[in-house]
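Data block for structure.txt (compact mmCIF, C-alpha atoms):
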```
# COMPACT_ATOMS: atom_id res chain seq x y z
CA MET C 1 -107.57 199.16 175.08
CA SER C 2 -110.51 198.55 177.37
CA THR C 3 -111.58 201.20 179.78
CA LEU C 4 -113.61 200.83 182.91
CA PRO C 5 -117.28 201.55 182.32
CA ILE C 6 -117.29 204.06 185.20
CA LEU C 7 -115.03 206.37 183.23
CA ASP C 8 -117.49 207.17 180.48
CA ASP C 9 -120.49 209.41 179.98
CA GLU C 10 -122.88 206.68 181.00
CA SER C 11 -121.91 206.86 184.68
CA PRO C 12 -124.26 208.46 187.15
CA ALA C 13 -123.36 212.11 187.62
CA PHE C 14 -122.37 211.75 191.26
CA VAL C 15 -119.88 208.98 190.48
CA THR C 16 -118.11 211.00 187.80
CA GLU C 17 -118.24 214.04 190.02
CA ILE C 18 -116.49 212.15 192.82
CA ILE C 19 -113.70 210.68 190.69
CA TYR C 20 -112.96 214.14 189.31
CA ARG C 21 -113.40 215.95 192.61
CA LEU C 22 -111.01 213.67 194.49
CA ARG C 23 -107.32 214.23 193.81
CA ILE C 24 -104.59 211.63 193.71
CA LYS C 25 -103.28 213.14 196.95
CA ASP C 26 -106.59 212.41 198.70
CA ALA C 27 -106.13 208.70 198.11
CA MET C 28 -102.36 208.10 198.07
CA THR C 29 -100.31 206.72 200.92
CA ARG C 30 -97.94 209.35 202.26
CA ALA C 31 -95.92 207.12 204.55
CA LEU C 32 -93.18 206.10 202.16
CA HIS C 33 -90.72 203.28 202.47
CA THR C 34 -87.94 204.07 200.03
CA GLY C 35 -84.60 202.60 199.12
CA GLN C 36 -81.35 203.83 197.59
CA THR C 37 -79.50 202.66 194.52
CA THR C 38 -76.81 201.17 196.77
CA ASP C 39 -79.28 199.00 198.73
CA THR C 40 -79.18 195.33 197.82
CA LEU C 41 -82.30 193.74 196.46
CA ARG C 42 -82.31 191.55 199.57
CA THR C 43 -82.52 194.64 201.80
CA LEU C 44 -85.50 195.84 199.78
CA GLN C 45 -87.10 192.40 199.93
CA LEU C 46 -86.92 192.58 203.74
CA LEU C 47 -88.32 196.13 203.67
CA MET C 48 -91.27 194.91 201.60
CA ARG C 49 -91.88 192.02 203.95
CA GLU C 50 -91.61 194.21 207.06
CA HIS C 51 -94.07 196.83 205.82
CA LYS C 52 -96.27 194.46 203.77
CA ILE C 53 -95.75 196.46 200.58
CA THR C 54 -95.23 195.29 197.02
CA GLY C 55 -92.94 197.95 195.62
CA VAL C 56 -90.17 200.27 196.79
CA PRO C 57 -89.32 203.58 195.12
CA ILE C 58 -85.60 204.20 194.80
CA VAL C 59 -84.81 207.83 195.60
CA GLU C 60 -81.96 210.24 195.95
CA LYS C 61 -82.49 213.58 197.69
CA GLY C 62 -86.24 213.37 197.25
CA ARG C 63 -85.95 212.60 193.52
CA LEU C 64 -87.40 209.40 192.20
CA LEU C 65 -84.85 207.35 190.25
CA GLY C 66 -86.60 204.02 189.83
CA MET C 67 -88.75 201.29 191.34
CA ILE C 68 -88.12 197.81 192.62
CA SER C 69 -91.25 195.67 192.67
CA MET C 70 -91.99 192.30 194.16
CA ASP C 71 -91.64 190.90 190.62
CA ASP C 72 -88.10 192.28 190.41
CA VAL C 73 -87.27 190.59 193.69
CA ILE C 74 -88.70 187.25 192.57
CA ARG C 75 -86.72 187.42 189.34
CA ALA C 76 -83.57 188.22 191.31
CA LEU C 77 -84.14 185.23 193.57
CA ASP C 78 -84.73 183.01 190.52
CA ASP C 79 -81.65 184.19 188.67
CA GLY C 80 -79.40 184.47 191.74
CA TYR C 81 -78.64 188.18 191.86
CA ILE C 82 -80.57 189.05 195.03
CA ASP C 83 -77.41 190.43 196.70
CA GLU C 84 -76.73 192.93 193.93
CA ASN C 85 -77.59 196.61 194.10
CA ALA C 86 -81.01 198.02 193.37
CA GLY C 87 -79.48 200.64 191.09
CA ASP C 88 -78.44 197.97 188.61
CA HIS C 89 -81.81 196.29 188.37
CA MET C 90 -84.53 198.83 189.02
CA SER C 91 -87.06 199.88 186.41
CA ARG C 92 -86.09 203.37 185.35
CA ARG C 93 -88.80 204.05 182.83
CA LEU C 94 -91.54 204.84 185.24
CA ILE C 95 -95.11 205.90 184.82
CA VAL C 96 -95.85 208.44 187.50
CA LEU C 97 -98.88 210.39 188.64
CA GLU C 98 -98.96 213.94 189.93
CA ASP C 99 -100.57 214.63 193.28
CA ASP C 100 -102.91 217.29 191.89
CA MET C 101 -104.37 215.11 189.17
CA PRO C 102 -107.97 213.97 189.58
CA LEU C 103 -108.39 210.45 190.89
CA SER C 104 -109.86 209.46 187.52
CA PHE C 105 -106.27 209.48 186.20
CA GLY C 106 -105.27 206.94 188.84
CA ILE C 107 -108.14 204.71 187.81
CA SER C 108 -107.40 204.91 184.10
CA TYR C 109 -103.64 204.39 184.66
CA MET C 110 -104.35 201.23 186.65
CA GLU C 111 -106.42 200.01 183.71
CA LYS C 112 -103.96 201.13 181.04
CA TYR C 113 -100.60 200.10 182.47
CA ARG C 114 -101.50 197.19 184.75
CA PHE C 115 -98.95 198.14 187.40
CA GLY C 116 -99.81 197.45 191.01
CA ARG C 117 -98.71 200.89 192.14
CA PHE C 118 -97.71 204.28 190.85
CA PRO C 119 -95.30 206.72 192.45
CA VAL C 120 -96.81 210.16 192.97
CA LEU C 121 -94.80 213.33 192.39
CA SER C 122 -95.49 216.89 193.44
CA LYS C 123 -95.41 219.80 191.01
CA GLU C 124 -91.79 220.25 192.06
CA LYS C 125 -91.13 216.66 190.89
CA GLU C 126 -90.47 215.40 194.38
CA LEU C 127 -91.74 211.99 195.42
CA VAL C 128 -94.63 212.63 197.83
CA GLY C 129 -96.55 209.36 197.88
CA ILE C 130 -97.45 206.08 196.31
CA ILE C 131 -100.85 204.91 195.18
CA THR C 132 -102.20 201.37 194.78
CA SER C 133 -105.53 200.10 193.54
CA ARG C 134 -106.38 199.43 197.17
CA ASP C 135 -105.80 203.09 198.06
CA ILE C 136 -108.14 204.12 195.26
CA LEU C 137 -110.78 201.63 196.30
CA VAL C 138 -110.68 202.78 199.92
CA ALA C 139 -110.85 206.46 198.99
CA LEU C 140 -113.80 205.85 196.67
CA LEU C 141 -115.72 203.76 199.19
CA MET C 142 -115.23 206.40 201.87
CA GLU C 143 -116.32 209.18 199.58
CA PHE C 144 -119.36 207.25 198.27
CA ASN C 145 -120.29 206.59 201.85
CA LYS C 146 -120.02 210.27 202.78
CA GLU C 147 -122.02 211.25 199.73
CA ALA C 148 -124.75 208.69 200.43
CA GLU C 149 -124.95 209.77 204.05
CA ALA C 150 -125.27 213.41 203.11
CA ARG C 151 -128.08 212.48 200.71
CA GLU C 152 -129.87 210.41 203.34
CA ALA C 153 -129.48 213.22 205.85
CA ALA C 154 -130.91 215.74 203.46
CA GLU C 155 -133.91 213.46 203.00
CA THR C 156 -134.56 212.86 206.67
CA ALA C 157 -133.88 216.22 208.29
CA VAL C 158 -136.78 218.60 208.71
CA ARG C 159 -136.23 222.05 210.13
CA THR C 160 -139.10 224.41 210.70
CA GLU C 161 -139.46 227.54 212.78
CA GLY C 162 -138.38 226.61 216.32
CA SER C 163 -138.29 222.88 215.77
CA PHE C 164 -136.07 220.24 214.27
CA TYR C 165 -136.42 216.58 213.37
CA ARG C 166 -133.83 214.20 212.07
CA GLU C 167 -133.37 210.47 211.62
CA TYR C 168 -130.17 208.48 211.61
CA HIS C 169 -129.49 204.94 210.49
CA VAL C 170 -127.54 202.87 212.96
CA ARG C 171 -125.78 199.72 211.82
CA LYS C 172 -125.03 196.62 213.84
CA PHE C 173 -121.50 196.62 215.28
CA ASP C 174 -120.61 199.90 213.59
CA PHE C 175 -118.74 201.31 216.56
CA GLU C 176 -116.92 203.78 214.33
CA GLN C 177 -119.98 205.73 213.20
CA ALA C 178 -121.76 205.45 216.52
CA GLY C 179 -122.06 208.76 218.27
CA LYS C 180 -123.00 210.80 215.23
CA PRO C 181 -126.69 211.24 216.14
CA THR C 182 -125.79 212.21 219.69
CA GLY C 183 -123.10 214.59 218.50
CA ASP C 184 -125.47 216.33 216.08
CA ILE C 185 -128.29 216.62 218.59
CA LYS C 186 -125.87 218.09 221.13
CA VAL C 187 -124.84 220.74 218.64
CA GLU C 188 -128.51 221.66 218.10
CA LEU C 189 -129.17 221.86 221.84
CA LYS C 190 -126.08 223.98 222.44
CA GLN C 191 -127.23 226.41 219.78
CA LEU C 192 -130.48 226.76 221.70
CA GLY C 193 -128.43 227.81 224.72
CA LEU C 194 -129.82 225.07 226.97
CA PRO C 195 -128.04 224.36 230.29
CA SER C 196 -125.14 221.94 229.99
CA LYS C 197 -126.55 219.56 232.62
CA PHE C 198 -129.72 219.24 230.61
CA ILE C 199 -127.76 218.65 227.42
CA ARG C 200 -125.75 216.00 229.19
CA ARG C 201 -128.91 214.12 230.19
CA VAL C 202 -130.15 214.09 226.60
CA ALA C 203 -126.72 213.13 225.25
CA VAL C 204 -126.29 210.26 227.71
CA ALA C 205 -129.72 208.79 226.93
CA CYS C 206 -129.23 209.19 223.19
CA TYR C 207 -125.76 207.65 223.24
CA GLU C 208 -126.94 204.71 225.34
CA LEU C 209 -129.81 204.03 222.93
CA GLU C 210 -127.42 204.28 220.02
CA MET C 211 -124.92 201.90 221.56
CA ASN C 212 -127.73 199.50 222.38
CA GLN C 213 -128.66 199.38 218.72
CA VAL C 214 -125.02 198.94 217.70
CA VAL C 215 -124.43 196.14 220.19
CA HIS C 216 -127.74 194.27 220.34
CA SER C 217 -129.98 195.02 217.38
CA ALA C 218 -129.94 194.08 213.74
CA GLY C 219 -129.72 197.82 213.07
CA GLY C 220 -132.23 200.58 213.40
CA ILE C 221 -133.07 204.23 213.41
CA ILE C 222 -132.43 206.92 216.00
CA SER C 223 -134.54 210.02 215.67
CA GLY C 224 -134.23 213.28 217.47
CA SER C 225 -137.05 215.78 217.65
CA ILE C 226 -136.65 219.19 219.18
CA THR C 227 -139.59 221.50 219.84
CA PRO C 228 -139.70 224.66 221.97
CA THR C 229 -140.99 222.69 224.97
CA GLU C 230 -139.67 219.18 224.58
CA ILE C 231 -136.99 216.92 223.19
CA GLU C 232 -137.74 213.38 222.19
CA ILE C 233 -135.22 210.73 221.26
CA VAL C 234 -136.72 207.59 219.73
CA ALA C 235 -134.79 204.43 218.98
CA THR C 236 -136.52 201.94 216.71
CA ASP C 237 -134.76 198.77 215.63
CA ARG C 238 -135.42 195.79 213.39
CA GLY C 239 -135.15 193.13 216.06
CA PRO C 240 -134.43 190.63 217.49
CA GLY C 241 -136.37 192.13 220.41
CA ILE C 242 -135.81 191.95 224.15
CA PRO C 243 -137.23 188.71 225.61
CA ASN C 244 -137.58 190.09 229.14
CA LEU C 245 -137.94 193.84 229.52
CA GLU C 246 -137.74 193.72 233.29
CA ASP C 247 -134.34 192.03 233.12
CA ALA C 248 -133.11 194.50 230.50
CA LEU C 249 -134.05 197.40 232.76
CA THR C 250 -132.23 195.90 235.73
CA GLU C 251 -128.86 197.44 236.32
CA GLY C 252 -126.05 194.97 235.75
CA TYR C 253 -128.07 192.55 233.64
CA SER C 254 -126.34 192.12 230.31
CA THR C 255 -126.41 189.84 227.30
CA ALA C 256 -123.42 191.46 225.60
CA THR C 257 -120.59 189.32 224.26
CA GLU C 258 -117.10 189.29 225.73
CA TRP C 259 -115.54 191.41 222.98
CA VAL C 260 -118.24 194.05 223.27
CA ARG C 261 -117.54 194.20 227.00
CA SER C 262 -113.84 194.57 226.36
CA LEU C 263 -114.65 197.86 224.62
CA GLY C 264 -116.28 199.11 227.80
CA PHE C 265 -119.86 198.52 226.72
CA GLY C 266 -122.39 195.89 227.72
CA ALA C 267 -122.16 196.55 231.45
CA GLY C 268 -125.93 196.23 231.72
CA MET C 269 -126.38 199.93 232.40
CA GLY C 270 -127.54 201.20 229.04
CA LEU C 271 -131.32 201.14 229.40
CA PRO C 272 -131.24 201.97 233.15
CA ASN C 273 -129.03 204.98 232.35
CA ALA C 274 -131.33 206.15 229.57
CA ARG C 275 -134.37 205.73 231.81
CA ARG C 276 -132.74 207.66 234.66
CA ALA C 277 -131.69 210.48 232.35
CA ALA C 278 -135.11 210.95 230.76
CA ASP C 279 -138.15 212.72 232.19
CA GLU C 280 -140.39 210.17 230.51
CA PHE C 281 -139.34 206.76 229.33
CA GLU C 282 -141.30 204.23 227.29
CA ILE C 283 -140.22 200.91 225.90
CA THR C 284 -141.99 198.25 223.87
CA SER C 285 -140.42 195.19 222.35
CA SER C 286 -141.33 192.22 220.20
CA GLU C 287 -139.37 189.89 217.96
CA SER C 288 -139.77 192.29 215.08
CA GLY C 289 -138.15 195.12 216.98
CA THR C 290 -137.78 197.34 219.98
CA ARG C 291 -138.92 200.94 220.33
CA VAL C 292 -137.61 203.16 223.09
CA SER C 293 -138.68 206.74 223.61
CA CYS C 294 -136.99 209.20 225.95
CA ARG C 295 -138.65 212.57 226.48
CA PHE C 296 -137.09 215.60 228.11
CA ARG C 297 -138.97 218.70 229.16
CA ILE C 298 -136.98 221.78 228.34
CA PRO C 299 -136.27 223.54 231.66
CA GLU C 300 -137.83 226.96 232.00
CA ASP C 301 -135.24 228.45 234.28
CA GLN C 302 -131.76 228.08 232.92
CA ASP C 303 -129.98 226.80 236.03
CA GLU C 304 -131.32 223.32 236.26
CA THR C 305 -129.42 221.14 238.68
CA ALA C 306 -129.69 217.61 237.43
CA MET M 1 -106.56 222.64 238.49
CA LYS M 2 -104.69 222.43 235.21
CA LEU M 3 -103.37 219.14 233.86
CA ARG M 4 -99.95 220.76 233.87
CA GLU M 5 -99.94 220.78 237.68
CA ILE M 6 -100.15 217.00 237.87
CA ALA M 7 -98.25 216.21 234.68
CA SER M 8 -94.90 215.37 236.23
CA ASP M 9 -96.43 213.63 239.25
CA LEU M 10 -98.44 211.29 237.04
CA GLY M 11 -95.84 211.08 234.30
CA LEU M 12 -98.31 212.39 231.72
CA GLU M 13 -97.44 212.33 228.07
CA LEU M 14 -99.74 214.77 226.24
CA LEU M 15 -101.05 213.28 222.97
CA SER M 16 -103.89 215.62 222.14
CA GLY M 17 -105.17 218.94 223.42
CA SER M 18 -103.35 221.01 226.00
CA LEU M 19 -101.81 220.75 229.45
CA ASP M 20 -103.71 223.95 230.24
CA THR M 21 -106.95 221.95 230.28
CA GLU M 22 -108.85 222.63 233.51
CA ILE M 23 -110.00 219.62 235.49
CA SER M 24 -111.99 219.71 238.70
CA GLY M 25 -111.68 216.09 239.75
CA GLY M 26 -111.27 212.56 238.47
CA TYR M 27 -113.31 209.49 237.67
CA THR M 28 -111.80 206.06 237.26
CA SER M 29 -113.64 203.43 235.26
CA ASP M 30 -113.51 201.27 232.16
CA LEU M 31 -117.24 200.85 231.87
CA LEU M 32 -118.37 203.63 229.62
CA SER M 33 -122.01 203.55 230.76
CA ASP M 34 -120.80 203.82 234.32
CA VAL M 35 -118.79 206.88 233.36
CA MET M 36 -121.83 208.50 231.76
CA ALA M 37 -123.96 207.68 234.78
CA HIS M 38 -121.64 208.77 237.55
CA ALA M 39 -118.71 210.95 236.48
CA GLU M 40 -119.03 214.57 237.56
CA ASP M 41 -118.60 217.06 234.79
CA GLY M 42 -115.16 218.61 234.66
CA ALA M 43 -113.45 215.43 235.84
CA ALA M 44 -110.52 213.72 234.14
CA LEU M 45 -111.42 210.19 233.03
CA ILE M 46 -108.82 207.69 234.22
CA THR M 47 -109.19 204.56 232.10
CA ILE M 48 -107.56 201.92 229.95
CA GLN M 49 -110.29 202.13 227.28
CA ALA M 50 -108.38 203.74 224.43
CA HIS M 51 -110.71 204.07 221.42
CA THR M 52 -112.97 206.63 219.76
CA ASN M 53 -116.01 205.69 221.84
CA THR M 54 -114.14 206.75 224.98
CA VAL M 55 -113.84 210.21 223.47
CA ALA M 56 -117.56 210.27 222.66
CA VAL M 57 -118.39 209.33 226.23
CA ALA M 58 -116.04 211.96 227.66
CA SER M 59 -117.62 214.53 225.38
CA HIS M 60 -121.21 213.60 226.32
CA ALA M 61 -120.40 213.56 230.03
CA ASP M 62 -118.51 216.89 229.81
CA LEU M 63 -115.17 215.41 230.83
CA PRO M 64 -112.39 217.62 229.45
CA ALA M 65 -109.54 215.12 229.73
CA ILE M 66 -108.80 211.40 229.39
CA ILE M 67 -105.81 209.84 231.12
CA VAL M 68 -104.98 206.48 229.56
CA CYS M 69 -103.07 204.24 231.98
CA ASN M 70 -100.61 201.36 231.64
CA GLU M 71 -99.10 203.02 228.58
CA ARG M 72 -101.85 201.53 226.41
CA PRO M 73 -101.47 202.28 222.71
CA ILE M 74 -103.70 205.11 221.47
CA PRO M 75 -105.13 204.64 217.99
CA GLU M 76 -104.87 207.50 215.51
CA ASP M 77 -108.65 207.83 215.07
CA MET M 78 -109.04 208.34 218.82
CA LEU M 79 -106.67 211.31 218.66
CA LEU M 80 -108.56 212.73 215.69
CA ALA M 81 -111.86 212.39 217.55
CA ALA M 82 -110.30 214.04 220.60
CA GLU M 83 -109.15 216.98 218.53
CA GLU M 84 -112.61 217.37 217.02
CA ASN M 85 -114.30 217.21 220.39
CA ARG M 86 -111.64 219.29 222.17
CA ILE M 87 -110.82 216.61 224.69
CA SER M 88 -107.25 216.41 225.96
CA ILE M 89 -105.63 213.00 225.98
CA CYS M 90 -102.66 212.06 228.13
CA ARG M 91 -100.98 208.73 228.58
CA THR M 92 -99.11 207.42 231.58
CA ALA M 93 -97.21 204.27 232.50
CA LEU M 94 -98.91 204.30 235.91
CA THR M 95 -101.74 201.89 236.73
CA GLN M 96 -105.24 203.27 237.20
CA PHE M 97 -104.86 202.76 240.95
CA GLU M 98 -101.62 204.74 241.10
CA ALA M 99 -102.83 207.51 238.81
CA SER M 100 -106.10 207.88 240.73
CA GLY M 101 -104.27 207.99 244.07
CA LYS M 102 -101.88 210.65 242.92
CA LEU M 103 -104.61 212.80 241.41
CA PHE M 104 -106.82 212.39 244.49
CA ALA M 105 -103.99 213.52 246.75
CA ARG M 106 -103.53 216.70 244.76
CA LEU M 107 -107.16 217.79 244.72
```
Can the structure in the file be given as C-alpha cells, please?
Amino acid sequence: MSTLPILDDESPAFVTEIIYRLRIKDAMTRALHTGQTTDTLRTLQLLMREHKITGVPIVEKGRLLGMISMDDVIRALDDGYIDENAGDHMSRRLIVLEDDMPLSFGISYMEKYRFGRFPVLSKEKELVGIITSRDILVALLMEFNKEAEAREAAETAVRTEGSFYREYHVRKFDFEQAGKPTGDIKVELKQLGLPSKFIRRVAVACYELEMNQVVHSAGGIISGSITPTEIEIVATDRGPGIPNLEDALTEGYSTATEWVRSLGFGAGMGLPNARRAADEFEITSSESGTRVSCRFRIPEDQDETA
Amino acid sequence: MKLREIASDLGLELLSGSLDTEISGGYTSDLLSDVMAHAEDGAALITIQAHTNTVAVASHADLPAIIVCNERPIPEDMLLAAEENRISICRTALTQFEASGKLFARL
C-alpha cells in the first residue's frame, strides 16, 4: 500500500500542521443531492447530470443506506437495468468519513480506497456532506494560500511607536484579492481616529492604484506608510509601463479591455482620481515598471471638509 | 431616511444587512471609479455591477447601501463581502432609471 509522501514525517511542519488542523467538515460539500431506494437508476443518472456530480448517496430519514456512483449507472446502462430501483443495486458496504476527523484522513482514504468520493457522517451518524478529491485540493490550496499570505505579511509589516509600514503583493487580474491593502490601511487610519473624509481620500487613491495594478500591470507591490504627520501610498509594478503619462492622467483615456470595463473598471479615471485625492502625487514610468506615490498630510484639526 | 421607507416603492428585496440602514441620498453609476470620485458619503449606490469589487467601492466611498437593479443575480461572495463590510444590499426588478427616479422623489 503506497501512501502519499505528504503524509509522513518528512513533510514540512506547516504542511502537516495544515492537514491535521483542517477538518473534513472544512473541505466537504454540504449541498447534498441524495436519492431514495425507490428512485430508479435513470432518475439518479439525470440527477448526476443536472448537478454535475459523480455519485449520489441513498438516504432514508437522514441515514445513509448506500451509494450509487457513475460506474453503477454505466453498468446498469450496459446490462439493461437502468429502470430498476437504486435500492436493489446500490453499494451498501460503504467507507465513510466523520466530519470531525482531520483532513489527513480524507487524503489517506482517497489513496487507500481509490473511491472518487466519500460520504461524511456526523457524530450522530447522520449524513452531513460528501467529500471528493477536488474538495480536498481546493481546501488545501486555499489554506496554503492563507498561510503563505500570513507569512509574507509578517515579513513585510513593520510597526513602531506611532508609525506603521506594510507591503502587499498585487497580482495581475486578481480581482478577488484586490481591496485587501486598502481595507487594512483603512482599519489603521480608523484606529487613529482620523476624520472619515480624510480616510476616504486615502482609501480611494489606494484602491485606484491597486485596481490599476490588477488591470494593467504584470503585478506589483502596494505599500502603505503611516507616520504621525503623513500617509504615503506607493504603488510599484513590474511593467509594462505607461507609454504616455499625459494620456494616462487624462480623464476618460483608457486602455482597458472590454471585459475589464464590464466589471465597472477601466473608465479612464483611476490615475486622475488618485491624483485628485492626494495632497502630493508623483508618477514615473518606464518599460520595466511604473511607480506612483500619493502623499496625504494628516489634518491637524479634525473636521476637514474634503 | 431608512431603506425601509423606500422598500415597497422600489420593490426592494433585502439580501444582506438591514432595512434600518440610514441613507442620505443616492448615486447612480456602473463605473466604479466614477462612484469613488463623485458619490456623496451616505448615499445608496444604484447600479447593475453586482460583484465583490462593488462592495469594496461602496465601503471606501462610505456608501452604506447598494441597490442592484434589473434583478441581476448577486454572487455569494458579494454577500459575504457586504456582511464583512456592513454594507446593505437590496435587489429590485426596476431599471436604474426607475429606481433613481423613485428614490429622488422621496428625498
Contacts between segment 12-23 of chain M and segment 30-88 of chain M, please, where a residue of segment 30-88 of chain M counts if it comes within 12 Å (with only C-alpha atoms); show its shortest atom pair and distance in Å to one decimal, rows by chain and ascending number, as a tab-separated table.
```
residue	atom	partner	partner_atom	distance
M:Glu40	CA	M:Ile23	CA	10.6
M:Asp41	CA	M:Ile23	CA	9.0
M:Gly42	CA	M:Ile23	CA	5.3
M:Ala43	CA	M:Ile23	CA	5.4
M:Ala44	CA	M:Ile23	CA	6.1
M:Leu45	CA	M:Ile23	CA	9.8
M:Ile46	CA	M:Leu12	CA	11.8
M:Val55	CA	M:Ser16	CA	11.4
M:Asp62	CA	M:Ile23	CA	10.6
M:Leu63	CA	M:Ile23	CA	8.1
M:Pro64	CA	M:Ile23	CA	6.8
M:Ala65	CA	M:Ile23	CA	7.3
M:Ile66	CA	M:Ser16	CA	9.7
M:Ile67	CA	M:Leu12	CA	7.9
M:Val68	CA	M:Leu12	CA	9.2
M:Cys69	CA	M:Leu12	CA	9.4
M:Asn70	CA	M:Leu12	CA	11.3
M:Glu71	CA	M:Glu13	CA	9.5
M:Arg72	CA	M:Glu13	CA	11.8
M:Pro73	CA	M:Leu15	CA	11.0
M:Ile74	CA	M:Leu15	CA	8.7
M:Pro75	CA	M:Leu15	CA	10.8
M:Glu76	CA	M:Leu15	CA	10.2
M:Asp77	CA	M:Ser16	CA	11.5
M:Met78	CA	M:Ser16	CA	9.5
M:Leu79	CA	M:Ser16	CA	6.2
M:Leu80	CA	M:Ser16	CA	8.5
M:Ala81	CA	M:Ser16	CA	9.7
M:Ala82	CA	M:Ser16	CA	6.8
M:Glu83	CA	M:Ser16	CA	6.5
M:Glu84	CA	M:Gly17	CA	9.9
M:Asn85	CA	M:Gly17	CA	9.8
M:Arg86	CA	M:Gly17	CA	6.6
M:Ile87	CA	M:Gly17	CA	6.2
M:Ser88	CA	M:Gly17	CA	4.1
```
Original post:
Using all atoms listed in the file, which residue out of C:Glu143, C:Asp79, C:Glu258, C:Glu126 lies closest to Leu97 of chain C?
Top reply: C:Glu126
Original post:
Between atom CA of Arg42 of chain C and atom CA of Ala86 of chain C, what is the spacing in Å?
Top reply: 9.1 Å
Original post:
Any idea which chain M residues end up within 6 Å of chain C if we count all atoms listed in the file, as a ChimeraX atom specification please?
Top reply: /M:30-33,60-61
Selection near segment 107-124 of chain C, 7 Å with only C-alpha atoms, sequence-local residues under 2 positions removed, as an mmCIF file with C-alpha atoms, in the frame of the given file:
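The new file part-v1.cif reads:
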```
data_model
loop_
_atom_site.group_PDB
_atom_site.id
_atom_site.type_symbol
_atom_site.label_atom_id
_atom_site.label_comp_id
_atom_site.auth_asym_id
_atom_site.auth_seq_id
_atom_site.Cartn_x
_atom_site.Cartn_y
_atom_site.Cartn_z
ATOM 1 C CA THR C 3 -111.580 201.200 179.780
ATOM 2 C CA ILE C 95 -95.110 205.900 184.820
ATOM 3 C CA VAL C 96 -95.850 208.440 187.500
ATOM 4 C CA LEU C 97 -98.880 210.390 188.640
ATOM 5 C CA GLU C 98 -98.960 213.940 189.930
ATOM 6 C CA ASP C 99 -100.570 214.630 193.280
ATOM 7 C CA LEU C 103 -108.390 210.450 190.890
ATOM 8 C CA SER C 104 -109.860 209.460 187.520
ATOM 9 C CA PHE C 105 -106.270 209.480 186.200
ATOM 10 C CA GLU C 126 -90.470 215.400 194.380
ATOM 11 C CA LEU C 127 -91.740 211.990 195.420
ATOM 12 C CA VAL C 128 -94.630 212.630 197.830
ATOM 13 C CA GLY C 129 -96.550 209.360 197.880
ATOM 14 C CA ILE C 130 -97.450 206.080 196.310
ATOM 15 C CA ILE C 131 -100.850 204.910 195.180
ATOM 16 C CA THR C 132 -102.200 201.370 194.780
ATOM 17 C CA SER C 133 -105.530 200.100 193.540
#
```
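In this structure, atom CA of Ser163 of chain C sits 22.4 Å away from atom CA of Arg291 of chain C.
When the distance limit is 12 Å and all atoms listed in the file are what count, the residues near Lys61 of chain C, minus those fewer than 3 positions from it on the same chain, are C:Thr34, C:Gly35, C:Gln36, C:Thr37, C:Ile58, C:Leu64, C:Leu65, C:Lys125, C:Glu126, C:Leu127.
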Draw an axis-aligned box tight on the listed atoms of segment 262-272 of chain C, then pad every side by 4 Å and write out centre and edge lengths in Å to one decimal as JSON.
```
{"center_x": -122.6, "center_y": 198.3, "center_z": 228.9, "size_x": 25.5, "size_y": 15.4, "size_z": 16.5}
```
Original post:
Suppose you want the space between atom CA of Ser293 of chain C and atom CA of His38 of chain M; what is it in Å?
Top reply: 22.1 Å
**OP:** Find, counting all atoms listed in the file, the residue in M:Ala37, M:Ala58, M:Gly25, M:Ser8 that gets nearest to Ile89 of chain M.
**Re:** M:Ala58
